[in-house]
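**Q** Next up is a structure, given as structure tokens.
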2 protein chains.
Amino acid sequence: MSEQGGIAWKADSEDARQVSFSQSVDPRTTRPFGPRIWDTTPEDLSCILDLSGASRVVWAVLSPLARAAALSTVADALDASSNLLVELADRETALGTTRLSVELARSTYQLRMFASALRNGQLNPVELDRAAEGQPPAGHPEIRRIYVPLGVAAVFGASNFPFAFGACGGDVASGLAAGCCVVVKAHPSHPQTSQATADTIVRALASAGMPAGVYSLVFGVDAGRRLIQDDRVDVASFTGSPQGGLALWRLANERDRPIPFFGELGSVNPVVATPSGITHIQEFVSDYLDSLTLGAGQLCTNPGLLLVPRGLGVLEQVASQLQQRDVGPLLNENVLRRLEQHVAELLTIPNSEVVAAGREALGWHFPPTVITAPIEEAVQHLAILATECFGPVGLVVEYGELTEVREVISGMPGCLVGSLFASEEDDVSALVTLLAKVAGRVAWRQWPTGVAVTPSQHHGGPYPASTDSRQTSVGLHSVERFRRPLVLQGFPDVAALSVG
Amino acid sequence: MSEQGGIAWKADSEDARQVSFSQSVDPRTTRPFGPRIWDTTPEDLSCILDLSGASRVVWAVLSPLARAAALSTVADALDASSNLLVELADRETALGTTRLSVELARSTYQLRMFASALRNGQLNPVELDRAAEGQPPAGHPEIRRIYVPLGVAAVFGASNFPFAFGACGGDVASGLAAGCCVVVKAHPSHPQTSQATADTIVRALASAGMPAGVYSLVFGVDAGRRLIQDDRVDVASFTGSPQGGLALWRLANERDRPIPFFGELGSVNPVVATPSGITHIQEFVSDYLDSLTLGAGQLCTNPGLLLVPRGLGVLEQVASQLQQRDVGPLLNENVLRRLEQHVAELLTIPNSEVVAAGREALGWHFPPTVITAPIEEAVQHLAILATECFGPVGLVVEYGELTEVREVISGMPGCLVGSLFASEEDDVSALVTLLAKVAGRVAWRQWPTGVAVTPSQHHGGPYPASTDSRQTSVGLHSVERFRRPLVLQGFPDVAALSVG
């Protein structure tokens with residue numbers, strides 16, 4: 001949650017005062033560029049929340065078709081601004097225009113998925129228990145279960161996905177689809193991208209005839225804190241570091257009226273390969289390094305821990321392939337400093353060593369690095385293994401027996417994904433059960449990165465991967481975080497009601 | 001959370017030490033009776049949780065049919081012990097054998113509802129997004145969403161429903177149905193009933209071939225605190241006072257690994273009548289007093305606040321009918337003392353007055369009482385109105401205009417139920433919207449008490465009615481508190497896996 005920026009004098013029409021600001025910095029050169037983006041002042045935040053409050057009723061009672069149309073308009077507008085947004089985002093994040101184009105396309109795909117589910121009724125289930133004659137418990141009045149939005153949602157954007165978990169991300173799409181007004185707290189790593197994305201969304205919603213407070217963007221740590229504490233906010237979601245997430249969660253719980261808080265806090269995702277699960281070792285290692293270094297390793301689904309059978313030569317392959325690899329710079333200086341710390345911690349495991357590192361580059365750069373440790377030491381130092389290395393750094397541990405694998409995995413904290421590379425001849429039931437106990441998703445012969453945007457997807461996992469393992473931030477079920485059930489009991493004419 | 005009991009020397013085979021205990025007390029005579037029920041010691045609790053942990057895998061991976069059979073066996077056993085259990089419960093709670101028989105029948109009905117939903121697949125939905133060719137986001141692997149139990153559930157029983165929200169209550173039924181092992185913390189108001197109920201359940205599960213740790217019962221405040229803090233516990237639910245619930249919630253959040261906590265903390269349920277909504281005033285008031293005094297008013301769905309049009313003579317009717325009413329004693333001395341406090345607080349509202357009180361009786365008794373206050377004072381003192389009066393005490397406020405009703409309701413905190421008595425000719429949309437904003441259920445021309453046990457029921461509401469307004473403790477959806485989604489990605493043969 002640290003900011004790239006500072007404090008400076010800001011002149012308004014009437015006076016001047018000192019205000020904090022975010023400042024774009026190019027990770028490739030570590031040089032600032034572009035305008036200062038001023039933090040949202042308490043007064044401005046209050047106006048924004050008044051607007052959200054005024055708009056929530058309109059947005060909440062909107063017909064699903066009208067809400068779907070508004071989401072589609074937003075998706076179209078984002079697609080139309082794609083070149084500008086991707087270029088800005090690339091300068092601020094150095095994630096590359098290819099990846100960022102895909103990410104933006106994924107975001108608009110997601111908005112359209114929700115729009116489509118609003119149109120076909122999937123997002124508006126009505127359950128009806130018809131009245132039954134007789135004494136309770138068998139006899140009962142008509143019970144009609146519908147869903148109503150929670151109100152105003154605060155969404156804290158992530159550093160590593162300026163679009164898909166940012167100002168136009170999954171929480172924005174699902175919050176809006178659920179009928180909540182959304183206030184996004186921009187991540188300071190990409191203030192201009194966030195602002196341009198928000199401007200596009202606000203214009204699109206206005207062109208669709210929606211009131212001004214349906215979607216808003218705020219900047220600054222202080223505004224974020226005030227946002228989650230404000231009684232006009234009803235629910236909050238967050239993607240980011242455990243420290244930032246836990247601090248916000250505490251604030252959400254300590255309110256006079258506590259609100260639901262959904263945080264995705266980081267994950268060390270284990271990948272287990274059985275001896276017969278690795279058929280082509282070169283390809284296996286190449287795919288591993290692709291997954292490990294995707295987005296400079298700054299992915300919550302990064303394969304942080306790879307467990308492979310001893311004697312297959314995986315480490316040798318890693319050594320030979322990794323030296324040819326390079327990755328782009330990290331998002332910001334904080335990410336770099338934390339990663340340096342984590343690597344130093346990993347290397348405190350006795351007899352751990354660097355297998356290989358990739359090439360050096362410019363900017364906030366950390367060479368892609370693979371570390372190994374003896375499995376008996378890994379078991380003794382599970383707490384170190386269990387800390388997410390946010391960046392292109394992986395730990396590969398060789399095992400002799402599957403019982404050792406069991407010992408490691410069952411000592412790990414919750415995670416988003418576990419992957420299993422085995423052959424169809426293996427009896428994998430025990431390993432799947434093991435991975436299922438710690439993970440929210442278990443993948444068969446697939447690397448953990450690349451979360452499919454499908455209706456039934458679950459992107460969440462046991463703590464600390466998620467603050468609530470029952471919730472997802474991807475897929476149609478993600479709307480469940482932003483709405484609650486309402487039962488209408490015995491109403492003669494529900495069609496005449498507009499409840500939201 | 002105060003206990004009826006004390007501390008005494010307890011002799012074991014090897015030594016003697018001072019241990020706290022619960023003691024049954026007859027609310028009709030305020031005299032203790034029956035044996036001391038010793039609090040669960042830390043050592044015993046630890047053994048219980050080891051057993052739960054050992055049993056959780058067996059119970060979790062049990063086929064839905066086998067789990068259904070076990071739940072049915074439990075229901076049958078409870079029905080077979082009905083006479084004994086109801087008699088014990090009546091002596092400990094004074095709620096009356098008629099009401100308690102209905103309550104136990106409701107509990108076994110609920111167990112069978114879950115068993116039936118396990119059999120017909122309703123509780124085991126599988127969502128499948130078939131693999132799609134192509135590049136992401138359109139292309140994706142097969143995504144199969146299933147549900148796995150959270151593990152070991154701690155269930156904190158309520159004072160006012162020894163069965164339906166107690167040792168064989170909805171949280172036990174839904175926790176077991178979800179595949180969790182359940183540890184119930186007995187409420188000290190009915191220790192013998194809890195013990196006898198638990199014995200029945202444990203014997204039934206054993207006769208169904210289930211391991212010993214699937215269901216357990218513990219006693220004592222200290223055991224409750226240890227339970228929710230223990231790392232072997234994965235989820236907790238609670239029905240009771242805001243003080244007790246908030247204290248436990250804090251403990252759940254402050255763990256190294258925080259766990260989901262679902263509390264139902266109390267509710268002031270508003271009932272609004274329009275001028276044309278009251279056709280037979282005598283009957284209306286009689287039904288109101290029935291609802292208000294059911295279970296000596298000790299119901300979370302009690303109609304705490306009744307808003308009626310001025311000039312219909314509702315208060316006069318209340319005065320004339322209430323004097324003929326009597327109710328049984330309260331559950332324990334704490335309930336009585338808190339109620340006395342609450343009534344005193346209500347009477348600090350300027351120009352408030354007692355409309356009438358019912359007859360005096362023996363034991364921990366508080367006469368059924370209706371208080372009124374001018375609506376303009378009610379609006380000024382919403383904080384006092386918003387505190388639940390747990391007992392046979394209601395506030396009736398007369399209004400002149402519906403705008404006054406809006407002012408009161410929109411200032412109320414969250415609640416479980418709102419009721420609306422209007423005629424079909426009234427335009428009730430605005431009133432329903434108003435009630436829906438604060439309540440989890442809105443009833444049409446029905447009193448809030450008497451929660452129907454049906455699949456789609458929602459028993460929960462905005463804070464403080466529930467700590468999480470999205471969750472229910474009645475109906476099939478109540479299992480959602482005790483399990484989490486798991487995605488199996490790209491598995492060739494899911495039938496061979498047993499995940500739980």
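The way I read the labels, and the way they are meant: chains A, B, ... in the order of the structure tokens, residue 1 as the first residue of every chain, and ligand 1 as the first ligand shown, with later ones counted on from there.
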Taking only C-alpha atoms into account and nothing else, which residues of chain B lie no more than 7 Å away from chain A? Please answer as a PyMOL selection string.

**A** chain B and resi 106+127-129+137+140+143+145+257+260+429+433+436+440-444+452-454+456-458+463+468-470+483-491+496-499

**Q** Tell me which protein, DNA and RNA residues are within 7 Å of Glu388 (chain B), counting only C-alpha atoms, leaving out same-chain ones fewer than 6 positions away, and put them as a ChimeraX atom specification.

**A** /B:266-268

**Q** Can you list, as a list of chain:residue names, every residue of region 159-225 of chain B that DSSP puts in strand (DSSP E)?

**A**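 These are the residues in question: B:Cys181, B:Val182, B:Val183, B:Val184, B:Lys185, B:Tyr215, B:Ser216, B:Leu217, B:Val218.
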
**Q** Kindly save the residues from that selection, with C-alpha atoms included, as a tab-separated table (two decimals), in the first residue's frame.

**A**
chain	number	residue	atom	x	y	z
B	181	CYS	CA	-17.80	-32.54	12.06
B	182	VAL	CA	-19.71	-30.51	14.62
B	183	VAL	CA	-18.78	-29.54	18.17
B	184	VAL	CA	-21.68	-27.92	20.01
B	185	LYS	CA	-21.10	-25.54	22.91
B	215	TYR	CA	-20.62	-34.88	16.74
B	216	SER	CA	-19.57	-33.68	20.20
B	217	LEU	CA	-20.88	-31.49	22.98
B	218	VAL	CA	-18.88	-29.24	25.30

**Q** May I have all residues of region 275-363 of chain A that DSSP, computed from the backbone, assigns to helix (DSSP H, G or I), given as a PyMOL selection string?

**A** chain A and resi 275-277+281-297+314-322+333-346

**Q** Out of A:Val355, A:Leu339, A:Val308, A:Ala154, which residue has the shortest atom-to-atom distance to Gln323 (chain A) when counting only C-alpha atoms?

**A**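 The answer is A:Val355, which sits nearest to Gln323 (chain A).
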